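A.B. asks: Mind looking over this structure? Questions follow.
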Amino acid sequence: MRRQSKLPEISGSSVFELHRHHPAPPTKDRGASVISLSDAPSLVRKGPKHQYENTFKIEPDNRIDFLKIKDIVNNTLVDIFQDAKYNYEEMGHLCKRTSQVIKDSVKMLKIERYKIICSVTISEQTGQGVKKASRFLWDDKKDNWVDGYFANSSLVAHASVYALYFE
């Protein structure tokens, strides 16, 4: 006796077509950083897509002053977390906001041809040890990173800023 498949027989289909026939159950929004452009019509690009010609630059014009970026990271962490108390319900939003403030401040330095990535981690200060690691595939001559650290009696905040050159 052969069992019947619950999925429709679709020749040359993809996972996305199967998803359309069997939508996932609704989930509660937990503030994920992944968004769908169809959910946010204001983010959809309007008008023609611009075509740029290649510059064929494989080296940056100017080197980044990472001491300025380190000062931005450390000053931002002190400004935001100086009087903060750890509250697990608010820390996710505070991580996002701090990351955005740092990234916007670094972009004010007008660093051309670099993508800026900022990651902020906040943990409760209870005397524990914390290890944090990140891995990238990058060019060690052009790409680099800076991190900053802040601690008070209630929390520990760590921010990393990565500058990745793109041609």
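To be explicit about the labels: the chains of the structure tokens are called A, B, and onward in the order shown, and within each one the residues are counted from 1, while ligands get numbers from 1 in the order they are shown.
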Please build the interface table for stretch 78-117 of chain A against stretch 147-162 of chain A with a cut-off of 7 Å, listing for each qualifying residue the nearest atom pair and the distance in Å to one decimal; count only C-alpha atoms, order rows by chain and increasing number, and write it as a tab-separated table.
C.D. replies:
residue	atom	partner	partner_atom	distance
A:Val78	CA	A:Phe150	CA	6.7
A:Lys85	CA	A:Ser154	CA	5.4
A:Tyr86	CA	A:Ser154	CA	5.5
A:Ile116	CA	A:Tyr162	CA	5.8
A:Ile117	CA	A:Tyr162	CA	5.0
A.B. asks: Can you spit out the residues from that selection as an mmCIF file, in the first residue's frame, using C-alpha atoms?
C.D. replies:
data_model
loop_
_atom_site.group_PDB
_atom_site.id
_atom_site.type_symbol
_atom_site.label_atom_id
_atom_site.label_comp_id
_atom_site.auth_asym_id
_atom_site.auth_seq_id
_atom_site.Cartn_x
_atom_site.Cartn_y
_atom_site.Cartn_z
ATOM 1 C CA VAL A 78 29.932 55.439 28.797
ATOM 2 C CA LYS A 85 20.659 49.156 35.525
ATOM 3 C CA TYR A 86 20.355 45.715 33.967
ATOM 4 C CA ILE A 116 30.546 49.401 8.778
ATOM 5 C CA ILE A 117 29.144 46.637 10.996
#
A.B. asks: Using DSSP on the backbone coordinates, identify the residues of stretch 60-140 of chain A assigned to helix (DSSP H, G or I); present them as an NGL selection string.
C.D. replies: :A and (66-81 or 88-107)
A.B. asks: Could you turn the residues from that selection into a file that holds C-alpha atoms, as a CSV table (one decimal), in the first residue's frame?
C.D. replies:
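Resulting contents of again_28.csv:
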chain,number,residue,atom,x,y,z
A,66,PHE,CA,40.8,53.4,14.2
A,67,LEU,CA,41.7,55.5,17.3
A,68,LYS,CA,38.8,57.9,16.4
A,69,ILE,CA,36.5,54.9,16.1
A,70,LYS,CA,37.7,53.5,19.4
A,71,ASP,CA,37.0,56.8,21.1
A,72,ILE,CA,33.5,56.9,19.6
A,73,VAL,CA,32.8,53.4,20.8
A,74,ASN,CA,34.1,54.0,24.3
A,75,ASN,CA,32.4,57.4,24.7
A,76,THR,CA,29.1,56.1,23.5
A,77,LEU,CA,29.2,53.1,25.9
A,78,VAL,CA,29.9,55.4,28.8
A,79,ASP,CA,27.2,57.9,27.8
A,80,ILE,CA,24.5,55.3,27.4
A,81,PHE,CA,25.4,52.8,30.2
A,88,TYR,CA,16.5,41.8,30.7
A,89,GLU,CA,13.3,43.2,29.1
A,90,GLU,CA,14.9,46.4,27.9
A,91,MET,CA,18.4,45.2,27.0
A,92,GLY,CA,17.5,43.9,23.5
A,93,HIS,CA,16.2,47.3,22.5
A,94,LEU,CA,19.2,49.0,24.2
A,95,CYS,CA,21.6,46.8,22.2
A,96,LYS,CA,20.0,47.8,18.9
A,97,ARG,CA,19.9,51.5,19.8
A,98,THR,CA,23.5,51.6,21.0
A,99,SER,CA,24.6,49.7,17.9
A,100,GLN,CA,22.8,52.2,15.7
A,101,VAL,CA,24.2,55.2,17.5
A,102,ILE,CA,27.8,53.9,17.2
A,103,LYS,CA,27.3,53.0,13.5
A,104,ASP,CA,25.8,56.5,12.7
A,105,SER,CA,28.7,58.2,14.6
A,106,VAL,CA,31.3,56.2,12.7
A,107,LYS,CA,29.6,57.0,9.4
